[in-house]
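Coordinates from target_39.txt are shown below (compact mmCIF, N, CA and C atoms).
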```txt
# COMPACT_ATOMS: atom_id res chain seq x y z
N MET F 47 115.91 126.12 118.93
CA MET F 47 115.42 125.21 117.92
C MET F 47 113.96 125.52 117.63
N ALA F 48 113.60 125.52 116.37
CA ALA F 48 112.24 125.85 115.97
C ALA F 48 111.31 124.70 116.30
N SER F 49 110.11 125.06 116.75
CA SER F 49 109.13 124.01 117.06
C SER F 49 108.50 123.53 115.76
N VAL F 50 107.88 122.36 115.83
CA VAL F 50 107.21 121.80 114.67
C VAL F 50 106.13 122.75 114.19
N GLY F 51 105.38 123.34 115.13
CA GLY F 51 104.33 124.28 114.76
C GLY F 51 104.86 125.47 113.99
N ASN F 52 106.00 126.02 114.43
CA ASN F 52 106.60 127.16 113.72
C ASN F 52 107.04 126.78 112.32
N VAL F 53 107.65 125.60 112.20
CA VAL F 53 108.10 125.13 110.88
C VAL F 53 106.91 124.99 109.95
N LEU F 54 105.81 124.41 110.44
CA LEU F 54 104.62 124.23 109.61
C LEU F 54 103.98 125.56 109.23
N GLN F 55 103.99 126.53 110.16
CA GLN F 55 103.43 127.86 109.84
C GLN F 55 104.24 128.52 108.73
N VAL F 56 105.55 128.44 108.81
CA VAL F 56 106.41 129.04 107.78
C VAL F 56 106.18 128.34 106.45
N ALA F 57 106.11 127.01 106.48
CA ALA F 57 105.88 126.26 105.25
C ALA F 57 104.54 126.63 104.62
N TRP F 58 103.52 126.81 105.46
CA TRP F 58 102.21 127.18 104.93
C TRP F 58 102.26 128.57 104.30
N ARG F 59 102.96 129.51 104.93
CA ARG F 59 103.08 130.86 104.36
C ARG F 59 103.75 130.81 103.00
N VAL F 60 104.73 129.93 102.85
CA VAL F 60 105.41 129.79 101.56
C VAL F 60 104.43 129.26 100.51
N VAL F 61 103.63 128.24 100.87
CA VAL F 61 102.65 127.68 99.95
C VAL F 61 101.65 128.75 99.54
N VAL F 62 101.14 129.50 100.51
CA VAL F 62 100.16 130.55 100.22
C VAL F 62 100.82 131.67 99.41
N GLY F 63 102.05 132.02 99.73
CA GLY F 63 102.75 133.10 99.04
C GLY F 63 102.99 132.82 97.57
N ILE F 64 103.22 131.55 97.23
CA ILE F 64 103.50 131.25 95.81
C ILE F 64 102.23 130.88 95.05
N GLY F 65 101.11 130.88 95.73
CA GLY F 65 99.85 130.55 95.08
C GLY F 65 99.36 129.19 95.53
N ILE F 66 98.06 129.09 95.67
CA ILE F 66 97.48 127.84 96.15
C ILE F 66 97.05 127.01 94.96
N PHE F 67 97.63 125.86 94.84
CA PHE F 67 97.25 124.86 93.85
C PHE F 67 96.81 123.63 94.61
N ALA F 68 95.90 122.88 94.03
CA ALA F 68 95.41 121.67 94.71
C ALA F 68 96.58 120.75 95.04
N GLY F 69 97.51 120.58 94.12
CA GLY F 69 98.67 119.72 94.35
C GLY F 69 99.52 120.23 95.50
N SER F 70 99.66 121.55 95.61
CA SER F 70 100.46 122.14 96.69
C SER F 70 99.80 121.89 98.05
N ILE F 71 98.50 121.98 98.08
CA ILE F 71 97.80 121.76 99.34
C ILE F 71 97.96 120.31 99.78
N PHE F 72 97.79 119.38 98.85
CA PHE F 72 97.95 117.96 99.20
C PHE F 72 99.38 117.67 99.61
N ALA F 73 100.34 118.26 98.90
CA ALA F 73 101.74 118.05 99.26
C ALA F 73 102.02 118.62 100.65
N PHE F 74 101.44 119.77 100.96
CA PHE F 74 101.64 120.38 102.27
C PHE F 74 101.05 119.52 103.37
N VAL F 75 99.85 118.99 103.15
CA VAL F 75 99.21 118.12 104.14
C VAL F 75 100.07 116.89 104.39
N ARG F 76 100.59 116.32 103.32
CA ARG F 76 101.46 115.14 103.44
C ARG F 76 102.74 115.50 104.20
N LEU F 77 103.32 116.65 103.89
CA LEU F 77 104.51 117.12 104.58
C LEU F 77 104.23 117.28 106.07
N CYS F 78 103.08 117.82 106.42
CA CYS F 78 102.71 117.99 107.83
C CYS F 78 102.69 116.65 108.55
N ALA F 79 102.11 115.65 107.90
CA ALA F 79 102.03 114.32 108.52
C ALA F 79 103.42 113.74 108.74
N VAL F 80 104.31 113.91 107.77
CA VAL F 80 105.67 113.39 107.89
C VAL F 80 106.42 114.14 108.99
N VAL F 81 106.31 115.47 109.02
CA VAL F 81 107.01 116.27 110.03
C VAL F 81 106.54 115.89 111.42
N ARG F 82 105.25 115.73 111.61
CA ARG F 82 104.73 115.34 112.93
C ARG F 82 105.21 113.95 113.32
N SER F 83 105.21 113.04 112.36
CA SER F 83 105.68 111.67 112.62
C SER F 83 107.14 111.68 113.04
N VAL F 84 107.96 112.43 112.33
CA VAL F 84 109.39 112.52 112.65
C VAL F 84 109.60 113.20 113.99
N ALA F 85 108.84 114.27 114.24
CA ALA F 85 108.99 115.00 115.51
C ALA F 85 108.67 114.10 116.70
N LYS F 86 107.68 113.23 116.54
CA LYS F 86 107.30 112.32 117.62
C LYS F 86 108.19 111.09 117.67
N GLY F 87 108.98 110.87 116.63
CA GLY F 87 109.89 109.73 116.60
C GLY F 87 109.19 108.40 116.40
N ARG F 88 107.99 108.42 115.88
CA ARG F 88 107.21 107.20 115.71
C ARG F 88 107.52 106.56 114.36
N LEU F 89 107.70 105.25 114.38
CA LEU F 89 107.87 104.50 113.15
C LEU F 89 106.65 103.61 112.95
N ASN F 90 106.17 103.52 111.71
CA ASN F 90 105.04 102.64 111.46
C ASN F 90 105.52 101.21 111.28
N ARG F 91 104.60 100.27 111.12
CA ARG F 91 104.97 98.85 111.07
C ARG F 91 105.84 98.52 109.87
N PHE F 92 105.66 99.23 108.76
CA PHE F 92 106.47 98.98 107.57
C PHE F 92 107.92 99.43 107.80
N GLU F 93 108.08 100.56 108.44
CA GLU F 93 109.42 101.07 108.76
C GLU F 93 110.11 100.13 109.74
N ARG F 94 109.39 99.70 110.76
CA ARG F 94 109.98 98.77 111.75
C ARG F 94 110.37 97.45 111.09
N GLU F 95 109.52 96.95 110.22
CA GLU F 95 109.81 95.70 109.51
C GLU F 95 111.09 95.82 108.67
N MET F 96 111.22 96.94 107.96
CA MET F 96 112.40 97.13 107.11
C MET F 96 113.68 97.26 107.95
N LEU F 97 113.62 97.94 109.07
CA LEU F 97 114.80 98.06 109.94
C LEU F 97 115.21 96.69 110.48
N ALA F 98 114.23 95.92 110.95
CA ALA F 98 114.53 94.59 111.49
C ALA F 98 115.13 93.70 110.42
N GLU F 99 114.62 93.78 109.21
CA GLU F 99 115.14 92.97 108.10
C GLU F 99 116.56 93.41 107.73
N ALA F 100 116.81 94.71 107.71
CA ALA F 100 118.13 95.23 107.34
C ALA F 100 119.21 94.77 108.32
N VAL F 101 118.88 94.69 109.60
CA VAL F 101 119.84 94.22 110.60
C VAL F 101 120.31 92.81 110.25
N GLN F 102 119.40 91.99 109.71
CA GLN F 102 119.73 90.62 109.35
C GLN F 102 120.59 90.53 108.08
N HIS F 103 120.72 91.65 107.35
CA HIS F 103 121.45 91.67 106.08
C HIS F 103 122.51 92.77 106.07
N ASN F 104 123.28 92.85 107.13
CA ASN F 104 124.42 93.78 107.23
C ASN F 104 124.05 95.25 107.06
N GLY F 105 122.81 95.59 107.32
CA GLY F 105 122.38 96.99 107.28
C GLY F 105 122.32 97.59 105.89
N LEU F 106 122.20 96.75 104.87
CA LEU F 106 122.22 97.23 103.48
C LEU F 106 120.84 97.26 102.86
N PHE F 107 120.56 98.34 102.13
CA PHE F 107 119.34 98.50 101.35
C PHE F 107 119.76 98.80 99.92
N CYS F 108 118.98 98.35 98.95
CA CYS F 108 119.18 98.75 97.56
C CYS F 108 117.88 99.35 97.05
N GLU F 109 117.98 100.50 96.42
CA GLU F 109 116.80 101.07 95.77
C GLU F 109 116.89 100.68 94.31
N MET F 110 115.98 99.82 93.89
CA MET F 110 116.01 99.28 92.54
C MET F 110 115.15 100.13 91.62
N PRO F 111 115.75 100.61 90.52
CA PRO F 111 114.95 101.44 89.60
C PRO F 111 113.95 100.57 88.85
N GLY F 112 112.75 101.06 88.72
CA GLY F 112 111.73 100.32 87.99
C GLY F 112 111.90 100.51 86.49
N LEU F 113 111.65 99.47 85.77
CA LEU F 113 111.67 99.53 84.31
C LEU F 113 110.22 99.49 83.85
N GLY F 114 109.69 100.65 83.54
CA GLY F 114 108.29 100.74 83.16
C GLY F 114 107.36 100.74 84.36
N SER F 115 107.92 100.77 85.55
CA SER F 115 107.11 100.84 86.77
C SER F 115 107.90 101.65 87.79
N SER F 116 107.36 101.75 88.99
CA SER F 116 108.04 102.55 90.01
C SER F 116 109.20 101.77 90.63
N SER F 117 110.06 102.47 91.31
CA SER F 117 111.19 101.86 92.00
C SER F 117 110.70 101.02 93.17
N TRP F 118 111.57 100.17 93.70
CA TRP F 118 111.26 99.40 94.89
C TRP F 118 112.54 99.20 95.69
N ILE F 119 112.38 98.73 96.90
CA ILE F 119 113.49 98.53 97.82
C ILE F 119 113.77 97.03 97.95
N GLU F 120 115.04 96.68 98.00
CA GLU F 120 115.44 95.30 98.28
C GLU F 120 116.36 95.30 99.48
N ILE F 121 116.14 94.32 100.36
CA ILE F 121 117.00 94.09 101.51
C ILE F 121 117.36 92.61 101.45
N GLY F 122 118.65 92.33 101.25
CA GLY F 122 119.05 90.94 101.05
C GLY F 122 118.38 90.41 99.80
N ASP F 123 117.74 89.26 99.90
CA ASP F 123 117.05 88.69 98.75
C ASP F 123 115.55 89.00 98.76
N LYS F 124 115.12 89.86 99.67
CA LYS F 124 113.71 90.21 99.78
C LYS F 124 113.43 91.52 99.07
N GLY F 125 112.59 91.45 98.05
CA GLY F 125 112.17 92.65 97.33
C GLY F 125 110.84 93.14 97.86
N TYR F 126 110.77 94.39 98.24
CA TYR F 126 109.54 94.97 98.79
C TYR F 126 108.69 95.52 97.65
N ARG F 127 108.10 94.58 96.92
CA ARG F 127 107.22 94.93 95.80
C ARG F 127 106.29 93.75 95.56
N SER F 128 105.30 93.98 94.73
CA SER F 128 104.37 92.93 94.37
C SER F 128 103.82 93.24 92.99
N GLY F 129 103.92 92.27 92.11
CA GLY F 129 103.36 92.46 90.77
C GLY F 129 101.84 92.54 90.80
N ASP F 130 101.24 91.90 91.80
CA ASP F 130 99.78 91.89 91.91
C ASP F 130 99.23 93.17 92.51
N ASP F 131 100.03 93.82 93.37
CA ASP F 131 99.55 94.99 94.08
C ASP F 131 100.64 96.07 94.10
N PRO F 132 100.66 96.96 93.09
CA PRO F 132 101.70 98.00 93.03
C PRO F 132 101.69 98.93 94.23
N SER F 133 100.57 99.02 94.94
CA SER F 133 100.52 99.91 96.11
C SER F 133 101.44 99.40 97.21
N LEU F 134 101.72 98.10 97.24
CA LEU F 134 102.62 97.53 98.24
C LEU F 134 104.03 98.10 98.06
N ALA F 135 104.52 98.13 96.82
CA ALA F 135 105.84 98.70 96.56
C ALA F 135 105.86 100.17 96.96
N ALA F 136 104.79 100.90 96.67
CA ALA F 136 104.71 102.32 97.03
C ALA F 136 104.73 102.51 98.54
N THR F 137 104.04 101.64 99.25
CA THR F 137 103.99 101.72 100.72
C THR F 137 105.39 101.56 101.30
N TYR F 138 106.12 100.54 100.83
CA TYR F 138 107.46 100.30 101.35
C TYR F 138 108.45 101.36 100.89
N LEU F 139 108.29 101.87 99.68
CA LEU F 139 109.17 102.94 99.20
C LEU F 139 108.99 104.19 100.06
N GLU F 140 107.75 104.52 100.39
CA GLU F 140 107.48 105.66 101.27
C GLU F 140 108.03 105.42 102.67
N ALA F 141 107.91 104.19 103.16
CA ALA F 141 108.46 103.86 104.48
C ALA F 141 109.98 104.03 104.46
N PHE F 142 110.62 103.59 103.40
CA PHE F 142 112.06 103.73 103.25
C PHE F 142 112.46 105.21 103.25
N GLN F 143 111.73 106.02 102.50
CA GLN F 143 112.02 107.46 102.46
C GLN F 143 111.86 108.09 103.83
N LYS F 144 110.87 107.65 104.60
CA LYS F 144 110.69 108.18 105.94
C LYS F 144 111.82 107.73 106.87
N LEU F 145 112.37 106.53 106.65
CA LEU F 145 113.52 106.09 107.44
C LEU F 145 114.72 107.00 107.21
N ILE F 146 114.85 107.49 106.00
CA ILE F 146 115.93 108.45 105.70
C ILE F 146 115.67 109.75 106.47
N ILE F 147 114.44 110.24 106.42
CA ILE F 147 114.08 111.47 107.13
C ILE F 147 114.28 111.31 108.63
N HIS F 148 113.95 110.14 109.18
CA HIS F 148 114.11 109.85 110.61
C HIS F 148 115.59 109.74 111.00
N GLY F 149 116.48 109.65 110.02
CA GLY F 149 117.91 109.52 110.32
C GLY F 149 118.33 108.09 110.61
N CYS F 150 117.55 107.12 110.16
CA CYS F 150 117.87 105.70 110.38
C CYS F 150 118.66 105.11 109.22
N VAL F 151 118.57 105.72 108.06
CA VAL F 151 119.21 105.22 106.85
C VAL F 151 119.89 106.40 106.15
N ARG F 152 121.05 106.13 105.56
CA ARG F 152 121.73 107.17 104.79
C ARG F 152 122.19 106.59 103.46
N TYR F 153 122.33 107.49 102.48
CA TYR F 153 122.79 107.10 101.15
C TYR F 153 124.28 106.78 101.21
N GLU F 154 124.69 105.70 100.58
CA GLU F 154 126.10 105.32 100.50
C GLU F 154 126.66 105.66 99.12
N LYS F 155 126.26 104.90 98.08
CA LYS F 155 126.67 105.17 96.70
C LYS F 155 125.86 104.30 95.75
N GLY F 156 125.78 104.74 94.52
CA GLY F 156 125.04 103.97 93.52
C GLY F 156 123.60 103.73 93.97
N LEU F 157 123.22 102.47 94.05
CA LEU F 157 121.88 102.09 94.50
C LEU F 157 121.85 101.73 95.98
N LEU F 158 122.99 101.89 96.65
CA LEU F 158 123.18 101.38 98.00
C LEU F 158 122.91 102.42 99.09
N TYR F 159 122.16 101.98 100.10
CA TYR F 159 121.89 102.75 101.30
C TYR F 159 122.27 101.88 102.49
N VAL F 160 122.64 102.50 103.61
CA VAL F 160 123.06 101.75 104.80
C VAL F 160 122.38 102.31 106.05
N LEU F 161 122.31 101.46 107.07
CA LEU F 161 121.78 101.90 108.36
C LEU F 161 122.75 102.87 109.02
N THR F 162 122.21 103.84 109.71
CA THR F 162 123.01 104.72 110.56
C THR F 162 123.10 104.07 111.94
N GLN F 163 123.81 104.69 112.86
CA GLN F 163 123.86 104.15 114.23
C GLN F 163 122.46 104.07 114.83
N LYS F 164 121.66 105.12 114.61
CA LYS F 164 120.28 105.10 115.09
C LYS F 164 119.51 103.95 114.46
N GLY F 165 119.71 103.73 113.17
CA GLY F 165 119.04 102.64 112.46
C GLY F 165 119.42 101.28 113.01
N TRP F 166 120.73 101.09 113.30
CA TRP F 166 121.18 99.83 113.88
C TRP F 166 120.54 99.59 115.25
N THR F 167 120.53 100.63 116.07
CA THR F 167 119.96 100.50 117.42
C THR F 167 118.49 100.12 117.36
N LEU F 168 117.72 100.86 116.56
CA LEU F 168 116.29 100.56 116.46
C LEU F 168 116.06 99.23 115.75
N GLY F 169 116.83 98.95 114.71
CA GLY F 169 116.67 97.70 113.97
C GLY F 169 116.92 96.49 114.84
N ARG F 170 117.94 96.54 115.68
CA ARG F 170 118.21 95.43 116.60
C ARG F 170 117.05 95.24 117.58
N LYS F 171 116.52 96.36 118.06
CA LYS F 171 115.40 96.31 118.99
C LYS F 171 114.19 95.65 118.33
N TYR F 172 113.87 96.05 117.09
CA TYR F 172 112.70 95.49 116.40
C TYR F 172 112.95 94.05 115.96
N ALA F 173 114.19 93.71 115.60
CA ALA F 173 114.52 92.33 115.23
C ALA F 173 114.34 91.41 116.44
N LYS F 174 114.76 91.90 117.60
CA LYS F 174 114.61 91.10 118.84
C LYS F 174 113.13 90.88 119.15
N LYS F 175 112.32 91.94 119.03
CA LYS F 175 110.89 91.81 119.28
C LYS F 175 110.26 90.84 118.29
N ARG F 176 110.70 90.89 117.05
CA ARG F 176 110.16 90.00 116.03
C ARG F 176 110.49 88.54 116.34
N ARG F 177 111.74 88.30 116.77
CA ARG F 177 112.14 86.93 117.14
C ARG F 177 111.35 86.44 118.34
N GLU F 178 111.18 87.30 119.34
CA GLU F 178 110.41 86.93 120.53
C GLU F 178 108.97 86.59 120.17
N LYS F 179 108.39 87.37 119.28
CA LYS F 179 107.03 87.13 118.85
C LYS F 179 106.92 85.81 118.09
N GLN F 180 107.91 85.53 117.23
CA GLN F 180 107.92 84.27 116.49
C GLN F 180 108.10 83.08 117.43
N ASN F 181 108.99 83.22 118.41
CA ASN F 181 109.23 82.15 119.38
C ASN F 181 107.99 81.89 120.25
N ALA F 182 107.30 82.96 120.61
CA ALA F 182 106.09 82.81 121.42
C ALA F 182 105.00 82.08 120.63
N GLY F 183 104.96 82.30 119.32
CA GLY F 183 103.98 81.66 118.47
C GLY F 183 104.26 80.17 118.29
N LYS F 184 105.51 79.74 118.47
CA LYS F 184 105.87 78.33 118.31
C LYS F 184 105.53 77.50 119.54
N ARG F 185 105.29 78.15 120.64
CA ARG F 185 105.01 77.43 121.90
C ARG F 185 103.60 76.95 121.95
```

Same coordinates, now as structure tokens:
Amino acid sequence: MASVGNVLQVAWRVVVGIGIFAGSIFAFVRLCAVVRSVAKGRLNRFEREMLAEAVQHNGLFCEMPGLGSSSWIEIGDKGYRSGDDPSLAATYLEAFQKLIIHGCVRYEKGLLYVLTQKGWTLGRKYAKKRREKQNAGKR
């Protein structure tokens, strides 16, 4: 199996081989961050929040197409967007995309995505932690 370092070296050679553009460099840097995150198996707080929420709603996600704006994710009746702050929708959309890369979510059909076994396992773990934290706050 190729190491993360080897994969990144090959990817960089491809970027350099086809010509260096500012956009390519930024895309490569972003790809490096995602690859390292996935390799370490770390989920950020937005990804954990979405997994915990999905467990409460039968493991279903909908990617809603934006009309005149960017797409957003809905889980149950909760839409991960904000009219006041479009960066919030972008943050959650990126978290959702990383959940797919992590193997926690897979495409089903239409606008529908579902949790994988890994997603269910992690989602239950984070939902339990969230409940414990809420219960501790009530005491």

Pull the closest atom pair for each residue of region 109-148 of chain F that gets at most 12 Å from region 160-175 of chain F, along with the distance in Å to one decimal, counting only C-alpha atoms, ordering rows by chain and then ascending residue number, as CSV.
```
residue,atom,partner,partner_atom,distance
F:Glu109,CA,F:Val160,CA,11.0
F:Glu120,CA,F:Val160,CA,11.9
F:Ile121,CA,F:Val160,CA,10.3
F:Phe142,CA,F:Leu161,CA,11.1
F:Lys144,CA,F:Gly165,CA,12.0
F:Leu145,CA,F:Gly165,CA,8.2
F:Ile146,CA,F:Leu161,CA,9.2
F:Ile147,CA,F:Gly165,CA,11.4
F:His148,CA,F:Gly165,CA,8.9
```

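Pairwise distance (atom C of Phe92 (chain F), atom N of Glu154 (chain F)) equals 19.3 Å.
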
Got a sec: who's within 5 Å of Cys108 (chain F), counting only N, CA and C atoms, leaving out chain neighbours fewer than 4 positions off, as a PDB file with N, CA and C atoms, keeping the file's coordinate frame?
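As a result, part.pdb now contains:
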```
ATOM      1  N   ILE F 119     112.380  98.730  96.900  1.00  0.00           N
ATOM      2  CA  ILE F 119     113.490  98.530  97.820  1.00  0.00           C
ATOM      3  C   ILE F 119     113.770  97.030  97.950  1.00  0.00           C
ATOM      4  N   GLU F 120     115.040  96.680  98.000  1.00  0.00           N
ATOM      5  CA  GLU F 120     115.440  95.300  98.280  1.00  0.00           C
ATOM      6  C   GLU F 120     116.360  95.300  99.480  1.00  0.00           C
ATOM      7  N   LEU F 157     123.220 102.470  94.050  1.00  0.00           N
ATOM      8  CA  LEU F 157     121.880 102.090  94.500  1.00  0.00           C
ATOM      9  C   LEU F 157     121.850 101.730  95.980  1.00  0.00           C
ATOM     10  N   LEU F 158     122.990 101.890  96.650  1.00  0.00           N
ATOM     11  CA  LEU F 158     123.180 101.380  98.000  1.00  0.00           C
ATOM     12  C   LEU F 158     122.910 102.420  99.090  1.00  0.00           C
ATOM     13  N   TYR F 159     122.160 101.980 100.100  1.00  0.00           N
ATOM     14  CA  TYR F 159     121.890 102.750 101.300  1.00  0.00           C
ATOM     15  C   TYR F 159     122.270 101.880 102.490  1.00  0.00           C
TER      16      TYR F 159
END
```

Which of these residues is nearest to Glu95 (chain F), using only C-alpha atoms: F:Arg127, F:Ala182, F:Tyr138, F:Gly149? F:Tyr138

Provide the atom C of Gln180 (chain F) to atom N of Lys124 (chain F) distance in Å, to one decimal place.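 Value for the atom C of Gln180 (chain F)-atom N of Lys124 (chain F) distance: 20.3 Å.
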
May I ask for the distance between atom C of Lys155 (chain F) and CA of Leu134 (chain F), given in Å to one decimal place? 24.3 Å

Option closest in space to Gly105 (chain F), from F:Ala136, F:Ser117, F:Gly125, F:Cys150 [counting only C-alpha atoms]: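 Looking only at the distances to Gly105 (chain F), the closest residue turns out to be F:Cys150.
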
Please extract the residues of region 76-158 of chain F with a backbone DSSP assignment of helix (DSSP H, G or I) and present them as a short mmCIF file (atom, residue, chain, number, x, y, z; two decimals) with N, CA and C atoms, keeping the file's coordinate frame.
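result_21.cif, written as the output of this step:
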```
data_model
loop_
_atom_site.label_atom_id
_atom_site.label_comp_id
_atom_site.auth_asym_id
_atom_site.auth_seq_id
_atom_site.Cartn_x
_atom_site.Cartn_y
_atom_site.Cartn_z
N ARG F 76 100.59 116.32 103.32
CA ARG F 76 101.46 115.14 103.44
C ARG F 76 102.74 115.50 104.20
N LEU F 77 103.32 116.65 103.89
CA LEU F 77 104.51 117.12 104.58
C LEU F 77 104.23 117.28 106.07
N CYS F 78 103.08 117.82 106.42
CA CYS F 78 102.71 117.99 107.83
C CYS F 78 102.69 116.65 108.55
N ALA F 79 102.11 115.65 107.90
CA ALA F 79 102.03 114.32 108.52
C ALA F 79 103.42 113.74 108.74
N VAL F 80 104.31 113.91 107.77
CA VAL F 80 105.67 113.39 107.89
C VAL F 80 106.42 114.14 108.99
N VAL F 81 106.31 115.47 109.02
CA VAL F 81 107.01 116.27 110.03
C VAL F 81 106.54 115.89 111.42
N ARG F 82 105.25 115.73 111.61
CA ARG F 82 104.73 115.34 112.93
C ARG F 82 105.21 113.95 113.32
N SER F 83 105.21 113.04 112.36
CA SER F 83 105.68 111.67 112.62
C SER F 83 107.14 111.68 113.04
N VAL F 84 107.96 112.43 112.33
CA VAL F 84 109.39 112.52 112.65
C VAL F 84 109.60 113.20 113.99
N ALA F 85 108.84 114.27 114.24
CA ALA F 85 108.99 115.00 115.51
C ALA F 85 108.67 114.10 116.70
N LYS F 86 107.68 113.23 116.54
CA LYS F 86 107.30 112.32 117.62
C LYS F 86 108.19 111.09 117.67
N ARG F 91 104.60 100.27 111.12
CA ARG F 91 104.97 98.85 111.07
C ARG F 91 105.84 98.52 109.87
N PHE F 92 105.66 99.23 108.76
CA PHE F 92 106.47 98.98 107.57
C PHE F 92 107.92 99.43 107.80
N GLU F 93 108.08 100.56 108.44
CA GLU F 93 109.42 101.07 108.76
C GLU F 93 110.11 100.13 109.74
N ARG F 94 109.39 99.70 110.76
CA ARG F 94 109.98 98.77 111.75
C ARG F 94 110.37 97.45 111.09
N GLU F 95 109.52 96.95 110.22
CA GLU F 95 109.81 95.70 109.51
C GLU F 95 111.09 95.82 108.67
N MET F 96 111.22 96.94 107.96
CA MET F 96 112.40 97.13 107.11
C MET F 96 113.68 97.26 107.95
N LEU F 97 113.62 97.94 109.07
CA LEU F 97 114.80 98.06 109.94
C LEU F 97 115.21 96.69 110.48
N ALA F 98 114.23 95.92 110.95
CA ALA F 98 114.53 94.59 111.49
C ALA F 98 115.13 93.70 110.42
N GLU F 99 114.62 93.78 109.21
CA GLU F 99 115.14 92.97 108.10
C GLU F 99 116.56 93.41 107.73
N ALA F 100 116.81 94.71 107.71
CA ALA F 100 118.13 95.23 107.34
C ALA F 100 119.21 94.77 108.32
N VAL F 101 118.88 94.69 109.60
CA VAL F 101 119.84 94.22 110.60
C VAL F 101 120.31 92.81 110.25
N PRO F 132 100.66 96.96 93.09
CA PRO F 132 101.70 98.00 93.03
C PRO F 132 101.69 98.93 94.23
N SER F 133 100.57 99.02 94.94
CA SER F 133 100.52 99.91 96.11
C SER F 133 101.44 99.40 97.21
N LEU F 134 101.72 98.10 97.24
CA LEU F 134 102.62 97.53 98.24
C LEU F 134 104.03 98.10 98.06
N ALA F 135 104.52 98.13 96.82
CA ALA F 135 105.84 98.70 96.56
C ALA F 135 105.86 100.17 96.96
N ALA F 136 104.79 100.90 96.67
CA ALA F 136 104.71 102.32 97.03
C ALA F 136 104.73 102.51 98.54
N THR F 137 104.04 101.64 99.25
CA THR F 137 103.99 101.72 100.72
C THR F 137 105.39 101.56 101.30
N TYR F 138 106.12 100.54 100.83
CA TYR F 138 107.46 100.30 101.35
C TYR F 138 108.45 101.36 100.89
N LEU F 139 108.29 101.87 99.68
CA LEU F 139 109.17 102.94 99.20
C LEU F 139 108.99 104.19 100.06
N GLU F 140 107.75 104.52 100.39
CA GLU F 140 107.48 105.66 101.27
C GLU F 140 108.03 105.42 102.67
N ALA F 141 107.91 104.19 103.16
CA ALA F 141 108.46 103.86 104.48
C ALA F 141 109.98 104.03 104.46
N PHE F 142 110.62 103.59 103.40
CA PHE F 142 112.06 103.73 103.25
C PHE F 142 112.46 105.21 103.25
N GLN F 143 111.73 106.02 102.50
CA GLN F 143 112.02 107.46 102.46
C GLN F 143 111.86 108.09 103.83
N LYS F 144 110.87 107.65 104.60
CA LYS F 144 110.69 108.18 105.94
C LYS F 144 111.82 107.73 106.87
N LEU F 145 112.37 106.53 106.65
CA LEU F 145 113.52 106.09 107.44
C LEU F 145 114.72 107.00 107.21
N ILE F 146 114.85 107.49 106.00
CA ILE F 146 115.93 108.45 105.70
C ILE F 146 115.67 109.75 106.47
N ILE F 147 114.44 110.24 106.42
CA ILE F 147 114.08 111.47 107.13
C ILE F 147 114.28 111.31 108.63
#
```

Residue with smallest distance to Ala100 (chain F) - pool F:Tyr153, F:Gly122, F:Ala141, F:Gly183, counting all atoms listed in the file: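 Checking each candidate against Ala100 (chain F), we get F:Gly122 as the closest.
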